[in-house]
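> I'm passing along start17.cif; it holds mmCIF, C-alpha atoms.
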data_target
#
loop_
_atom_site.group_PDB
_atom_site.id
_atom_site.type_symbol
_atom_site.label_atom_id
_atom_site.label_comp_id
_atom_site.auth_asym_id
_atom_site.auth_seq_id
_atom_site.Cartn_x
_atom_site.Cartn_y
_atom_site.Cartn_z
ATOM 1 C CA MET A 998 58.263 30.227 -52.707
ATOM 2 C CA SER A 999 61.478 28.178 -53.053
ATOM 3 C CA SER A 1000 60.409 25.824 -50.236
ATOM 4 C CA VAL A 1001 57.167 24.882 -51.999
ATOM 5 C CA GLU A 1002 56.679 21.537 -53.732
ATOM 6 C CA GLU A 1003 54.043 21.204 -56.466
ATOM 7 C CA VAL A 1004 52.086 17.944 -56.529
ATOM 8 C CA ARG A 1005 49.108 16.442 -58.336
ATOM 9 C CA LEU A 1006 46.705 14.106 -56.587
ATOM 10 C CA SER A 1007 44.826 11.658 -58.811
ATOM 11 C CA LEU A 1008 41.691 10.855 -56.850
ATOM 12 C CA PRO A 1009 39.126 8.283 -58.045
ATOM 13 C CA HIS A 1010 36.780 11.044 -59.219
ATOM 14 C CA ILE A 1011 38.987 14.074 -60.004
ATOM 15 C CA GLU A 1012 42.579 15.269 -60.192
ATOM 16 C CA LEU A 1013 43.606 18.009 -57.775
ATOM 17 C CA ALA A 1014 46.743 20.147 -57.716
ATOM 18 C CA ALA A 1015 48.397 21.199 -54.472
ATOM 19 C CA HIS A 1016 51.384 22.866 -52.845
ATOM 20 C CA LEU A 1017 53.320 21.087 -50.096
ATOM 21 C CA PHE A 1018 54.918 23.028 -47.258
ATOM 22 C CA GLY A 1019 56.878 22.009 -44.172
ATOM 23 C CA PRO A 1020 58.718 18.928 -42.909
ATOM 24 C CA GLU A 1021 57.509 15.474 -43.928
ATOM 25 C CA ASP A 1022 57.172 14.467 -40.264
ATOM 26 C CA GLY A 1023 55.155 17.587 -39.365
ATOM 27 C CA LEU A 1024 51.578 17.572 -38.122
ATOM 28 C CA PRO A 1025 49.346 16.701 -41.117
ATOM 29 C CA VAL A 1026 47.340 19.716 -42.287
ATOM 30 C CA ILE A 1027 45.079 20.173 -45.313
ATOM 31 C CA ALA A 1028 44.664 23.844 -46.273
ATOM 32 C CA LEU A 1029 41.567 25.056 -48.128
ATOM 33 C CA HIS A 1030 41.388 28.467 -49.800
ATOM 34 C CA GLY A 1031 38.450 30.769 -50.405
ATOM 35 C CA TRP A 1032 35.945 31.060 -53.243
ATOM 36 C CA LEU A 1033 37.603 31.797 -56.630
ATOM 37 C CA ASP A 1034 41.074 31.770 -55.020
ATOM 38 C CA ASN A 1035 43.700 29.007 -55.234
ATOM 39 C CA ALA A 1036 46.579 27.391 -53.329
ATOM 40 C CA ASN A 1037 48.639 30.595 -53.602
ATOM 41 C CA SER A 1038 46.271 31.987 -50.969
ATOM 42 C CA PHE A 1039 48.620 30.348 -48.444
ATOM 43 C CA SER A 1040 51.917 31.301 -50.106
ATOM 44 C CA ARG A 1041 52.684 33.956 -47.481
ATOM 45 C CA LEU A 1042 51.225 32.212 -44.432
ATOM 46 C CA ALA A 1043 52.265 28.563 -44.813
ATOM 47 C CA PRO A 1044 56.066 29.128 -44.759
ATOM 48 C CA LYS A 1045 55.650 30.951 -41.435
ATOM 49 C CA LEU A 1046 53.846 28.064 -39.724
ATOM 50 C CA GLU A 1047 56.054 25.790 -37.624
ATOM 51 C CA GLY A 1048 56.104 22.002 -37.429
ATOM 52 C CA LEU A 1049 53.279 21.441 -39.902
ATOM 53 C CA ARG A 1050 53.123 19.325 -43.071
ATOM 54 C CA ILE A 1051 50.696 21.414 -45.103
ATOM 55 C CA VAL A 1052 48.947 20.253 -48.266
ATOM 56 C CA ALA A 1053 47.426 23.434 -49.718
ATOM 57 C CA LEU A 1054 44.909 22.341 -52.331
ATOM 58 C CA ASP A 1055 43.632 24.011 -55.427
ATOM 59 C CA MET A 1056 40.051 23.058 -54.633
ATOM 60 C CA ALA A 1057 38.028 21.453 -57.424
ATOM 61 C CA GLY A 1058 37.224 23.954 -60.167
ATOM 62 C CA HIS A 1059 39.993 26.327 -59.038
ATOM 63 C CA GLY A 1060 43.609 26.900 -60.058
ATOM 64 C CA HIS A 1061 45.262 23.913 -61.711
ATOM 65 C CA SER A 1062 42.777 21.358 -60.343
ATOM 66 C CA GLY A 1063 40.232 19.584 -62.494
ATOM 67 C CA HIS A 1064 36.674 20.762 -63.028
ATOM 68 C CA ARG A 1065 33.764 18.583 -62.019
ATOM 69 C CA PRO A 1066 32.027 16.653 -64.845
ATOM 70 C CA LEU A 1067 29.075 18.141 -66.694
ATOM 71 C CA GLY A 1068 25.957 17.790 -64.598
ATOM 72 C CA ALA A 1069 27.878 17.867 -61.313
ATOM 73 C CA GLY A 1070 28.049 20.804 -58.918
ATOM 74 C CA TYR A 1071 30.164 22.355 -56.192
ATOM 75 C CA ALA A 1072 28.247 21.730 -52.976
ATOM 76 C CA LEU A 1073 29.989 22.004 -49.610
ATOM 77 C CA TRP A 1074 29.741 18.258 -49.034
ATOM 78 C CA ASP A 1075 31.411 17.584 -52.399
ATOM 79 C CA TYR A 1076 34.435 19.599 -51.267
ATOM 80 C CA ALA A 1077 34.412 17.712 -47.948
ATOM 81 C CA HIS A 1078 34.443 14.431 -49.889
ATOM 82 C CA ASP A 1079 37.455 15.688 -51.889
ATOM 83 C CA VAL A 1080 39.330 16.400 -48.659
ATOM 84 C CA LEU A 1081 38.620 12.926 -47.307
ATOM 85 C CA ARG A 1082 39.854 11.376 -50.561
ATOM 86 C CA VAL A 1083 43.057 13.426 -50.332
ATOM 87 C CA ALA A 1084 43.592 12.285 -46.740
ATOM 88 C CA GLU A 1085 43.027 8.657 -47.745
ATOM 89 C CA GLN A 1086 45.573 8.943 -50.550
ATOM 90 C CA LEU A 1087 48.119 10.461 -48.169
ATOM 91 C CA GLY A 1088 47.451 7.811 -45.536
ATOM 92 C CA TRP A 1089 46.268 10.378 -42.997
ATOM 93 C CA LYS A 1090 43.637 8.894 -40.702
ATOM 94 C CA ARG A 1091 43.616 12.086 -38.660
ATOM 95 C CA PHE A 1092 44.605 15.552 -39.824
ATOM 96 C CA ALA A 1093 44.152 19.245 -39.115
ATOM 97 C CA LEU A 1094 42.304 21.686 -41.327
ATOM 98 C CA LEU A 1095 43.405 25.225 -42.161
ATOM 99 C CA GLY A 1096 40.703 27.136 -44.018
ATOM 100 C CA HIS A 1097 39.997 30.628 -45.299
ATOM 101 C CA SER A 1098 36.466 31.828 -46.104
ATOM 102 C CA LEU A 1099 34.835 29.054 -48.213
ATOM 103 C CA GLY A 1100 37.679 26.780 -47.124
ATOM 104 C CA ALA A 1101 36.905 27.551 -43.483
ATOM 105 C CA ILE A 1102 33.242 26.707 -44.053
ATOM 106 C CA VAL A 1103 34.127 23.378 -45.676
ATOM 107 C CA SER A 1104 36.498 22.694 -42.776
ATOM 108 C CA VAL A 1105 33.725 23.203 -40.205
ATOM 109 C CA VAL A 1106 31.337 21.024 -42.218
ATOM 110 C CA LEU A 1107 33.855 18.184 -42.325
ATOM 111 C CA ALA A 1108 34.960 18.551 -38.693
ATOM 112 C CA GLY A 1109 31.326 18.497 -37.581
ATOM 113 C CA ALA A 1110 30.313 15.602 -39.822
ATOM 114 C CA LEU A 1111 33.320 13.389 -38.972
ATOM 115 C CA PRO A 1112 34.823 14.816 -35.762
ATOM 116 C CA GLU A 1113 36.962 11.708 -35.220
ATOM 117 C CA ARG A 1114 39.027 12.546 -38.322
ATOM 118 C CA VAL A 1115 40.034 16.154 -37.504
ATOM 119 C CA THR A 1116 42.656 17.078 -34.901
ATOM 120 C CA HIS A 1117 42.638 20.899 -35.157
ATOM 121 C CA LEU A 1118 40.600 23.616 -36.871
ATOM 122 C CA ALA A 1119 42.444 26.813 -37.859
ATOM 123 C CA LEU A 1120 39.947 29.183 -39.474
ATOM 124 C CA ILE A 1121 40.401 32.571 -41.173
ATOM 125 C CA ASP A 1122 37.360 34.844 -41.531
ATOM 126 C CA GLY A 1123 34.879 32.066 -42.230
ATOM 127 C CA VAL A 1124 32.867 29.547 -40.232
ATOM 128 C CA ILE A 1125 29.364 28.669 -41.515
ATOM 129 C CA PRO A 1126 27.748 29.157 -44.936
ATOM 130 C CA PRO A 1127 25.112 31.824 -45.617
ATOM 131 C CA THR A 1128 21.847 30.431 -44.324
ATOM 132 C CA ALA A 1129 18.218 30.818 -45.390
ATOM 133 C CA ALA A 1130 14.763 30.234 -43.985
ATOM 134 C CA HIS A 1131 13.210 26.910 -44.916
ATOM 135 C CA ASP A 1132 10.134 28.446 -46.528
ATOM 136 C CA ASN A 1133 11.915 29.867 -49.603
ATOM 137 C CA ALA A 1134 13.698 26.650 -50.577
ATOM 138 C CA ALA A 1135 11.525 25.925 -53.610
ATOM 139 C CA GLU A 1136 11.851 29.427 -55.056
ATOM 140 C CA ARG A 1137 15.619 29.403 -54.560
ATOM 141 C CA MET A 1138 15.900 25.998 -56.210
ATOM 142 C CA GLY A 1139 13.954 27.204 -59.241
ATOM 143 C CA MET A 1140 16.167 30.272 -59.661
ATOM 144 C CA ALA A 1141 19.304 28.150 -59.377
ATOM 145 C CA LEU A 1142 18.103 25.603 -61.921
ATOM 146 C CA GLN A 1143 17.278 28.350 -64.423
ATOM 147 C CA ALA A 1144 20.701 29.954 -63.857
ATOM 148 C CA GLN A 1145 22.372 26.641 -64.695
ATOM 149 C CA LEU A 1146 20.574 26.626 -68.049
ATOM 150 C CA ASP A 1147 21.411 30.254 -68.761
ATOM 151 C CA LEU A 1148 25.107 29.787 -67.942
ATOM 152 C CA GLN A 1149 25.653 27.977 -71.251
ATOM 153 C CA GLU A 1150 25.102 31.271 -73.058
ATOM 154 C CA LYS A 1151 27.669 33.241 -71.038
ATOM 155 C CA ARG A 1152 31.386 33.531 -71.744
ATOM 156 C CA LYS A 1153 34.229 34.249 -69.370
ATOM 157 C CA PRO A 1154 35.733 37.739 -69.622
ATOM 158 C CA VAL A 1155 39.008 37.953 -71.545
ATOM 159 C CA TYR A 1156 41.583 40.516 -70.407
ATOM 160 C CA HIS A 1157 43.957 41.823 -73.068
ATOM 161 C CA THR A 1158 46.881 42.042 -70.628
ATOM 162 C CA LEU A 1159 47.935 40.430 -67.364
ATOM 163 C CA ASP A 1160 47.835 43.825 -65.709
ATOM 164 C CA ARG A 1161 44.152 44.301 -66.561
ATOM 165 C CA ALA A 1162 43.319 40.870 -65.170
ATOM 166 C CA ILE A 1163 45.205 41.637 -61.956
ATOM 167 C CA GLU A 1164 43.423 44.994 -61.602
ATOM 168 C CA ALA A 1165 40.067 43.254 -62.068
ATOM 169 C CA ARG A 1166 40.921 40.792 -59.282
ATOM 170 C CA MET A 1167 41.932 43.651 -57.002
ATOM 171 C CA LYS A 1168 38.441 45.131 -57.434
ATOM 172 C CA GLY A 1169 36.536 41.841 -57.186
ATOM 173 C CA LEU A 1170 33.612 41.044 -54.914
ATOM 174 C CA VAL A 1171 36.197 40.931 -52.105
ATOM 175 C CA ALA A 1172 38.950 43.460 -52.799
ATOM 176 C CA VAL A 1173 42.567 42.379 -52.305
ATOM 177 C CA SER A 1174 45.929 44.145 -52.428
ATOM 178 C CA ARG A 1175 47.875 44.252 -55.685
ATOM 179 C CA GLU A 1176 50.445 41.815 -54.249
ATOM 180 C CA ALA A 1177 47.680 39.364 -53.304
ATOM 181 C CA ALA A 1178 46.049 39.693 -56.724
ATOM 182 C CA GLU A 1179 49.387 38.999 -58.407
ATOM 183 C CA LEU A 1180 49.907 35.852 -56.338
ATOM 184 C CA LEU A 1181 46.412 34.574 -57.109
ATOM 185 C CA ALA A 1182 46.856 35.440 -60.799
ATOM 186 C CA GLN A 1183 50.078 33.396 -61.020
ATOM 187 C CA ARG A 1184 48.024 30.290 -60.455
ATOM 188 C CA GLY A 1185 44.607 31.392 -61.596
ATOM 189 C CA LEU A 1186 45.111 32.855 -65.082
ATOM 190 C CA MET A 1187 45.598 31.074 -68.395
ATOM 191 C CA PRO A 1188 46.340 32.420 -71.889
ATOM 192 C CA VAL A 1189 43.520 32.362 -74.457
ATOM 193 C CA PRO A 1190 43.093 33.973 -77.877
ATOM 194 C CA GLY A 1191 43.010 37.715 -77.263
ATOM 195 C CA GLY A 1192 44.613 37.699 -73.843
ATOM 196 C CA TYR A 1193 44.007 35.955 -70.524
ATOM 197 C CA THR A 1194 41.112 34.531 -68.574
ATOM 198 C CA TRP A 1195 40.666 32.774 -65.245
ATOM 199 C CA ARG A 1196 40.988 29.004 -64.998
ATOM 200 C CA THR A 1197 38.110 28.738 -62.545
ATOM 201 C CA ASP A 1198 35.024 26.777 -63.552
ATOM 202 C CA SER A 1199 32.219 29.179 -64.537
ATOM 203 C CA ARG A 1200 29.783 27.073 -62.490
ATOM 204 C CA LEU A 1201 31.439 28.384 -59.335
ATOM 205 C CA THR A 1202 29.632 31.692 -59.861
ATOM 206 C CA LEU A 1203 26.207 30.058 -59.685
ATOM 207 C CA ALA A 1204 24.112 30.504 -56.555
ATOM 208 C CA SER A 1205 23.680 27.453 -54.388
ATOM 209 C CA PRO A 1206 20.379 25.685 -55.157
ATOM 210 C CA LEU A 1207 19.981 24.783 -51.491
ATOM 211 C CA ARG A 1208 20.987 26.664 -48.351
ATOM 212 C CA LEU A 1209 21.053 25.274 -44.850
ATOM 213 C CA THR A 1210 18.870 26.806 -42.177
ATOM 214 C CA ASP A 1211 20.662 28.492 -39.290
ATOM 215 C CA GLU A 1212 19.903 25.516 -37.048
ATOM 216 C CA GLN A 1213 21.359 23.071 -39.581
ATOM 217 C CA ALA A 1214 24.510 25.143 -40.063
ATOM 218 C CA MET A 1215 25.095 25.506 -36.327
ATOM 219 C CA SER A 1216 24.668 21.753 -35.835
ATOM 220 C CA PHE A 1217 28.044 21.291 -37.574
ATOM 221 C CA VAL A 1218 29.671 23.819 -35.243
ATOM 222 C CA GLN A 1219 28.213 22.073 -32.210
ATOM 223 C CA ARG A 1220 29.595 18.684 -33.302
ATOM 224 C CA VAL A 1221 33.200 19.890 -33.609
ATOM 225 C CA SER A 1222 35.211 18.116 -30.916
ATOM 226 C CA CYS A 1223 38.778 19.264 -31.679
ATOM 227 C CA PRO A 1224 40.504 22.493 -30.628
ATOM 228 C CA ALA A 1225 39.429 25.341 -32.921
ATOM 229 C CA GLN A 1226 40.948 28.784 -33.453
ATOM 230 C CA LEU A 1227 39.133 31.447 -35.473
ATOM 231 C CA VAL A 1228 40.915 34.533 -36.802
ATOM 232 C CA VAL A 1229 38.465 37.368 -37.433
ATOM 233 C CA ALA A 1230 39.646 40.134 -39.761
ATOM 234 C CA ALA A 1231 38.696 43.514 -38.297
ATOM 235 C CA ASP A 1232 37.667 44.783 -41.744
ATOM 236 C CA GLY A 1233 36.561 41.406 -43.095
ATOM 237 C CA MET A 1234 33.254 39.576 -43.419
ATOM 238 C CA LEU A 1235 32.748 38.137 -39.939
ATOM 239 C CA ALA A 1236 33.430 41.208 -37.789
ATOM 240 C CA LYS A 1237 29.968 42.613 -38.574
ATOM 241 C CA HIS A 1238 28.274 39.407 -37.355
ATOM 242 C CA GLN A 1239 28.908 39.755 -33.634
ATOM 243 C CA GLU A 1240 25.794 37.792 -32.699
ATOM 244 C CA LEU A 1241 27.081 34.773 -34.642
ATOM 245 C CA LEU A 1242 30.586 35.144 -33.198
ATOM 246 C CA GLU A 1243 29.218 35.134 -29.651
ATOM 247 C CA ARG A 1244 27.476 31.808 -30.321
ATOM 248 C CA LEU A 1245 30.649 30.030 -31.428
ATOM 249 C CA PRO A 1246 32.414 27.695 -28.970
ATOM 250 C CA PHE A 1247 35.765 28.399 -30.685
ATOM 251 C CA SER A 1248 38.757 30.404 -29.487
ATOM 252 C CA ARG A 1249 38.708 33.720 -31.318
ATOM 253 C CA GLU A 1250 41.257 36.423 -32.104
ATOM 254 C CA GLN A 1251 40.553 39.604 -34.054
ATOM 255 C CA LEU A 1252 43.414 40.944 -36.177
ATOM 256 C CA PRO A 1253 43.724 44.159 -38.183
ATOM 257 C CA GLY A 1254 43.174 43.751 -41.914
ATOM 258 C CA GLY A 1255 40.661 42.754 -44.544
ATOM 259 C CA HIS A 1256 39.076 39.435 -45.496
ATOM 260 C CA HIS A 1257 42.395 38.228 -47.001
ATOM 261 C CA VAL A 1258 44.341 39.247 -43.897
ATOM 262 C CA HIS A 1259 46.713 36.269 -44.319
ATOM 263 C CA LEU A 1260 47.592 37.204 -47.927
ATOM 264 C CA ASN A 1261 47.295 40.951 -48.496
ATOM 265 C CA ASP A 1262 50.673 41.789 -46.967
ATOM 266 C CA GLU A 1263 53.539 40.300 -44.991
ATOM 267 C CA LEU A 1264 52.468 41.947 -41.728
ATOM 268 C CA GLY A 1265 49.039 40.349 -41.843
ATOM 269 C CA ALA A 1266 50.540 36.973 -42.703
ATOM 270 C CA ALA A 1267 52.929 37.297 -39.762
ATOM 271 C CA LEU A 1268 50.117 38.162 -37.345
ATOM 272 C CA VAL A 1269 48.009 35.199 -38.478
ATOM 273 C CA ALA A 1270 51.052 32.920 -38.312
ATOM 274 C CA ASP A 1271 51.803 34.029 -34.747
ATOM 275 C CA CYS A 1272 48.228 33.247 -33.724
ATOM 276 C CA PHE A 1273 48.223 29.795 -35.326
ATOM 277 C CA ASN A 1274 51.732 28.871 -34.160
ATOM 278 C CA ARG A 1275 50.578 29.463 -30.581
ATOM 279 C CA PHE A 1276 47.411 27.464 -31.289
ATOM 280 C CA PHE A 1277 49.174 24.421 -32.767
ATOM 281 C CA ALA A 1278 51.860 24.473 -30.057
ATOM 282 C CA VAL A 1279 49.356 23.776 -27.280
ATOM 283 C CA PRO A 1280 49.544 20.053 -26.341
#
Would you mind writing the structure in this file as structure tokens?

Amino acid sequence: MSSVEEVRLSLPHIELAAHLFGPEDGLPVIALHGWLDNANSFSRLAPKLEGLRIVALDMAGHGHSGHRPLGAGYALWDYAHDVLRVAEQLGWKRFALLGHSLGAIVSVVLAGALPERVTHLALIDGVIPPTAAHDNAAERMGMALQAQLDLQEKRKPVYHTLDRAIEARMKGLVAVSREAAELLAQRGLMPVPGGYTWRTDSRLTLASPLRLTDEQAMSFVQRVSCPAQLVVAADGMLAKHQELLERLPFSREQLPGGHHVHLNDELGAALVADCFNRFFAVP
């Protein structure tokens, strides 16, 4: 981690924290982590990538970045707007995107919406958001609105020791190795009376009030005009969706490992790095 530089980006609407990797004259890359993770998601992978200037964000509501104001939410397009603001501040008219899970989904949304801005898409076990049929939109909206009201009555869990918090992260919705959980905890935990809790905004656990239909989600994929490389984890989330994978116009490589294949251990990080180094090296 000695080659990492910590920065804070004061955008017009929010302050984001980030890690910088690689030479200043490298290919501009903005890296986006997964849901409830943080910039340390790339702490094993980024140092192994060659010739890239990587800005690995703590996405809004995660890690050391700011939370959105009361009344605001965490829609995919809000994250895409954050990325554009970061690029504007850095003076990057064109840039690559490196995304894992939620970060991969946001990357595809942005690359499809504004294809002229994105030079490369490097995706890890994520591509489009969960979709829903159009006829249940009203019911889903009602459930989401009620959940927003009920959230005020809930409190974040407090773990008496760091070890308990790390063990809880290991057994989360998506299990990770102990080493991965420790890396995420370094950036994701904060001390509170009675122990430790996660810095993440509680609103991140709320269901989305609106889901795209399959046709809407795929319209972003179809508008991507840059080279795109998708890493599919053999034991991850995408491997079971072969029908979706066959519909994607992206280069695809399946690697052994779980959903956090780039973070769980050094071997997985090395395999992902080898794949992406070959991808970015192509003229």
> Starting from the displayed file, determine the output of the PyMOL selection byres ((chain A and resi 1027-1033) around 10) and express the residue list as a PyMOL selection string.
chain A and resi 1015-1017+1025-1026+1034-1039+1043+1049-1056+1058-1060+1076+1080-1081+1083-1084+1092-1104+1119-1123+1166+1171+1181+1185+1195-1199+1201-1202+1256-1257
> Hey, which of A:Met1187, A:Leu1107, A:Leu1148, A:Ile1011 ends up closest to Ser1062 (chain A)? Count all atoms listed in the file.
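Using all atoms listed in the file, the shortest distance to Ser1062 (chain A) belongs to A:Ile1011.
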> Taking 6 positions as the minimum chain separation for residues in the same chain, which residues sit within 10 Å of Ser1007 (chain A) when counting all atoms listed in the file? Answer as a list of chain:residue names.
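My reading of the contact set: A:Leu1013, A:Ala1014, A:Gly1063, A:Arg1082, A:Val1083, A:Gln1086.
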> Neighbours of Phe1273 (chain A) within 9 Å (only C-alpha atoms; same-chain residues fewer than 6 positions away dropped), as a PyMOL selection string?
chain A and resi 1046+1119+1226+1228
> Translate the PyMOL selection byres ((chain A and resi 1113) around 12) into a concrete residue list for this structure, as a ChimeraX atom specification.
/A:1090-1093,1107-1112,1114-1117,1220-1223
> Using the chain letters and numbers from the file, which residues does the PyMOL selection byres ((chain A and resi 1272) around 12) grab, as an MDAnalysis selection string?
chainID A and resid 1042 1045:1047 1119:1121 1225:1229 1248:1252 1259 1265:1271 1273:1279
> When you draw a straight line from CA of Val1155 (chain A) to CA of Val1173 (chain A), how long is it in Å?
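Atom-to-atom, CA of Val1155 (chain A) and CA of Val1173 (chain A) are spaced 20.1 Å apart.
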> At what distance in Å, to one decimal, does CA of Val1004 (chain A) lie from CA of Asp1262 (chain A)?
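That distance, rounded to one decimal, is 25.7 Å.
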> Between CA of Ala1172 (chain A) and CA of Leu1260 (chain A), what is the spacing in Å?
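We find that CA of Leu1260 (chain A) and CA of Ala1172 (chain A) lie 11.7 Å from each other.
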> Under the rule that all atoms listed in the file are counted, which of A:Val1258, A:Ala1182, A:Met1138, A:Leu1087 is the nearest residue to Ala1230 (chain A)?
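Of the candidates, the smallest distance to Ala1230 (chain A) is held by A:Val1258.
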> Calculated over all atoms listed in the file, which of the candidates A:Gly1048, A:Arg1208, A:Leu1118, A:Arg1041 has the smallest distance to Glu1021 (chain A)?
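The closest residue to Glu1021 (chain A) is A:Gly1048.
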> Excluding Glu1212 (chain A) and its own-chain neighbours fewer than 5 positions away, which residues fall within 12 Å of it when counting all atoms listed in the file? Please give them as a list of chain:residue names.
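The residues that qualify are A:Ile1125, A:Pro1126, A:Pro1127, A:Thr1128, A:Ala1129, A:Ala1130, A:His1131, A:Phe1217, A:Val1218, A:Gln1219, A:Leu1241, A:Arg1244.
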> Draw an axis-aligned box tight on the listed atoms of region 1021-1033 of chain A, then pad every side by 5 Å and write out centre and edge lengths in Å to one decimal as AutoDock Vina command-line options.

--center_x 46.7 --center_y 23.1 --center_z -47.4 --size_x 31.6 --size_y 27.3 --size_z 28.5
> Go through A:Pro1224, A:Pro1020, A:Gly1169, A:Gln1149 and flag the residue nearest Phe1247 (chain A), using all atoms listed in the file for the distances.
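Of A:Pro1224, A:Pro1020, A:Gly1169, A:Gln1149, the one nearest Phe1247 (chain A), counting all atoms listed in the file, is A:Pro1224.
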> Let me make sure I understand: among A:Pro1190, A:Pro1009, A:Asp1079, A:Trp1089, which one has the smallest atom-to-atom distance to Leu1024 (chain A) if we use all atoms listed in the file?
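Counting all atoms listed in the file, the residue closest to Leu1024 (chain A) is A:Trp1089.
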> Kindly add N, CA and C atoms to the incomplete region 1215-1226 of chain A and provide the output as an mmCIF file, in the coordinates of the input.

data_model
loop_
_atom_site.group_PDB
_atom_site.id
_atom_site.type_symbol
_atom_site.label_atom_id
_atom_site.label_comp_id
_atom_site.auth_asym_id
_atom_site.auth_seq_id
_atom_site.Cartn_x
_atom_site.Cartn_y
_atom_site.Cartn_z
ATOM 1 N N MET A 1215 24.501 25.511 -37.660
ATOM 2 C CA MET A 1215 25.095 25.506 -36.327
ATOM 3 C C MET A 1215 25.257 24.095 -35.778
ATOM 4 N N SER A 1216 24.516 23.134 -36.302
ATOM 5 C CA SER A 1216 24.668 21.753 -35.835
ATOM 6 C C SER A 1216 26.070 21.220 -36.162
ATOM 7 N N PHE A 1217 26.677 21.695 -37.244
ATOM 8 C CA PHE A 1217 28.044 21.291 -37.574
ATOM 9 C C PHE A 1217 29.026 21.895 -36.568
ATOM 10 N N VAL A 1218 28.824 23.165 -36.245
ATOM 11 C CA VAL A 1218 29.671 23.819 -35.243
ATOM 12 C C VAL A 1218 29.611 23.072 -33.916
ATOM 13 N N GLN A 1219 28.411 22.708 -33.515
ATOM 14 C CA GLN A 1219 28.213 22.073 -32.210
ATOM 15 C C GLN A 1219 28.811 20.669 -32.139
ATOM 16 N N ARG A 1220 29.021 20.036 -33.285
ATOM 17 C CA ARG A 1220 29.595 18.684 -33.302
ATOM 18 C C ARG A 1220 31.116 18.673 -33.360
ATOM 19 N N VAL A 1221 31.736 19.830 -33.574
ATOM 20 C CA VAL A 1221 33.200 19.890 -33.609
ATOM 21 C C VAL A 1221 33.739 19.517 -32.235
ATOM 22 N N SER A 1222 34.678 18.575 -32.206
ATOM 23 C CA SER A 1222 35.211 18.116 -30.916
ATOM 24 C C SER A 1222 36.694 18.427 -30.737
ATOM 25 N N CYS A 1223 37.344 18.964 -31.770
ATOM 26 C CA CYS A 1223 38.778 19.264 -31.679
ATOM 27 C C CYS A 1223 38.991 20.718 -31.275
ATOM 28 N N PRO A 1224 40.208 21.077 -30.868
ATOM 29 C CA PRO A 1224 40.504 22.493 -30.628
ATOM 30 C C PRO A 1224 40.285 23.298 -31.904
ATOM 31 N N ALA A 1225 39.724 24.502 -31.753
ATOM 32 C CA ALA A 1225 39.429 25.341 -32.921
ATOM 33 C C ALA A 1225 39.821 26.783 -32.625
ATOM 34 N N GLN A 1226 40.527 27.384 -33.575
ATOM 35 C CA GLN A 1226 40.948 28.784 -33.453
ATOM 36 C C GLN A 1226 40.440 29.558 -34.661
#
